[in-house]
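The next block holds one structure in the form of structure tokens; read it before the comments.
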Amino acid sequence: MNNYLRSFRTGNKRTIARVISEIENGNIELLEQLYPFTGHAYYVGITGPPGAGKSTLVNVIAKHLLTRGKRIGIVAVDPSSPFSGGALLGDRIRMNDLALNDKVFIRSMATRGSLGGLAEKTKDVVLVLDAAGMDFIIIETIGVGQVELDVAQVGDTTIVVMVPESGDSIQTMKAGLLEISDIMVVNKGDRDGAERILTELKFAFDLKEPKNGWTCPIIRTVATRNEGIDELVGSLLDHRKYLQTSGRYAEERKIKAANYFLGLISSNISSQIHSRISADRLQNYINDIYERRINPYKAATEIVMRVMNTPIKNKKDQMVKRRGEVL
Ligand SMILES: Nc1nc2c(ncn2[C@@H]2O[C@H](COP(=O)(O)OP(=O)(O)O)[C@@H](O)[C@H]2O)c(=O)[nH]1
Ligand SMILES: [Mg+2]
């Protein structure tokens, strides 16, 4: 192991940041090198509408875990998150406090108005933090839209955060958040209506079958006052224990590994094809399809077969660069 990797593995924050940007710039070899070191961190997804208090909760959960001597990675996929400096001064100071801790690494994902590839990029960052030896990796995301739901499900444990504001519980049920939640939190428990939403949620969960023997707890918190956090972290650790003792942990991890792998195959094939067919050629196909000279099914198969019949080269392989397009 070279010095660079050693400093990375011992949690040097500057090195971790450098590794992340290398990988974001397409350094696949580095990701390949790090992969054997992954698989030890526990992933926690925390999701819910903007303003529900997710970042505040992440902050207090992280502080609690720190008292247990854990190393924590935080990935915020919410552009309005205080981690990215989008919040009130008070919030930023609280977060900075955490960011300065040697055992905490915080990363905000820039969504830049587009969600394309965000789920993949987030997974890469999570893998890097895993390889860097984090015990827990907390991923914050708003649970709206397919990409966010994908990101939310990176977690071994998914925490869904609700607030007493009107209509939220109904929205949640519609958005399918009830289905993905392992732990339900009603934050802003100091606000009016907290009791009502707790009752509604309890009722909704009573109607549901327990998910493989795990009953989703519903926990009331006031993140700003650190209330309910012991119970929340307790449930998190209980859920982890349940997954591990029931064998679900290995099962779920295997399913995730399979999905990740199959996703990589698809995106690899797709980029092989796109890198080896010229824009003109593609345009000709499109014209032919539009004019009904060829059908799209035949055209797609034709392209895939032609690319597959030429030796497959890695994207980073110089051969491809020299040879260029093959069609
Ligand atoms: N009254 C009250 N305010 C809270 C609570 N938790 C968070 N907040 C405030 O709600 C606002 C949004 O919190 P934030 O953590 O940024 O929410 P996020 O968008 O879900 O990450 C901030 O001003 C927090 O201080 C709470 O339990 N009670
Ligand atoms: Mg936030």
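Identifiers in the structure tokens: chain A, B, ... in order shown; residue index from 1 per chain; ligand index from 1 in order shown.
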Environment of ligand 1 within 6 Å, counting only C-alpha atoms and all ligand atoms, reported as a ChimeraX atom specification: /A:50-56,81-82,187-190,222-224
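Every residue of range 152-280 of chain A with a DSSP assignment of strand (DSSP E), taken from the backbone, is listed as Thr157, Thr158, Ile159, Val160, Val161, Met162, Ile183, Met184, Val185, Val186, Ile218, Ile219 and Arg220 of chain A.
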Considering only C-alpha atoms, return as a ChimeraX atom specification whatever protein or nucleic-acid residues lie within 9 Å of Phe205 in chain A, sequence-local ones (same chain, fewer than 3 positions apart) excluded. /A:178,200-202,208-210,215-216
Using only C-alpha atoms, which residues sit within 7 Å of range 17-22 of chain A once same-chain residues fewer than 5 positions away are excluded, as an mmCIF file with N, CA, C and O atoms, in the first residue's frame?
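This is the output file result.cif:
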```
data_model
loop_
_atom_site.group_PDB
_atom_site.id
_atom_site.type_symbol
_atom_site.label_atom_id
_atom_site.label_comp_id
_atom_site.auth_asym_id
_atom_site.auth_seq_id
_atom_site.Cartn_x
_atom_site.Cartn_y
_atom_site.Cartn_z
ATOM 1 N N ASN A 27 -11.546 8.517 -12.577
ATOM 2 C CA ASN A 27 -10.442 7.605 -12.290
ATOM 3 C C ASN A 27 -10.971 6.259 -11.771
ATOM 4 O O ASN A 27 -11.061 6.022 -10.568
ATOM 5 N N VAL A 125 -19.306 7.888 -4.006
ATOM 6 C CA VAL A 125 -18.803 8.621 -2.836
ATOM 7 C C VAL A 125 -18.972 7.767 -1.575
ATOM 8 O O VAL A 125 -18.074 7.701 -0.730
ATOM 9 N N VAL A 128 -16.263 5.237 -1.445
ATOM 10 C CA VAL A 128 -14.986 5.843 -1.046
ATOM 11 C C VAL A 128 -14.941 5.997 0.480
ATOM 12 O O VAL A 128 -13.954 5.632 1.125
#
```
Considering only C-alpha atoms, return as a ChimeraX atom specification whatever protein or nucleic-acid residues lie within 12 Å of Gly234 in chain A, sequence-local ones (same chain, fewer than 3 positions apart) excluded. /A:61,64-65,183,217,219,228-231,237-241
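The space separating CA of Thr15 in chain A from CA of Leu129 in chain A comes to 11.2 Å.
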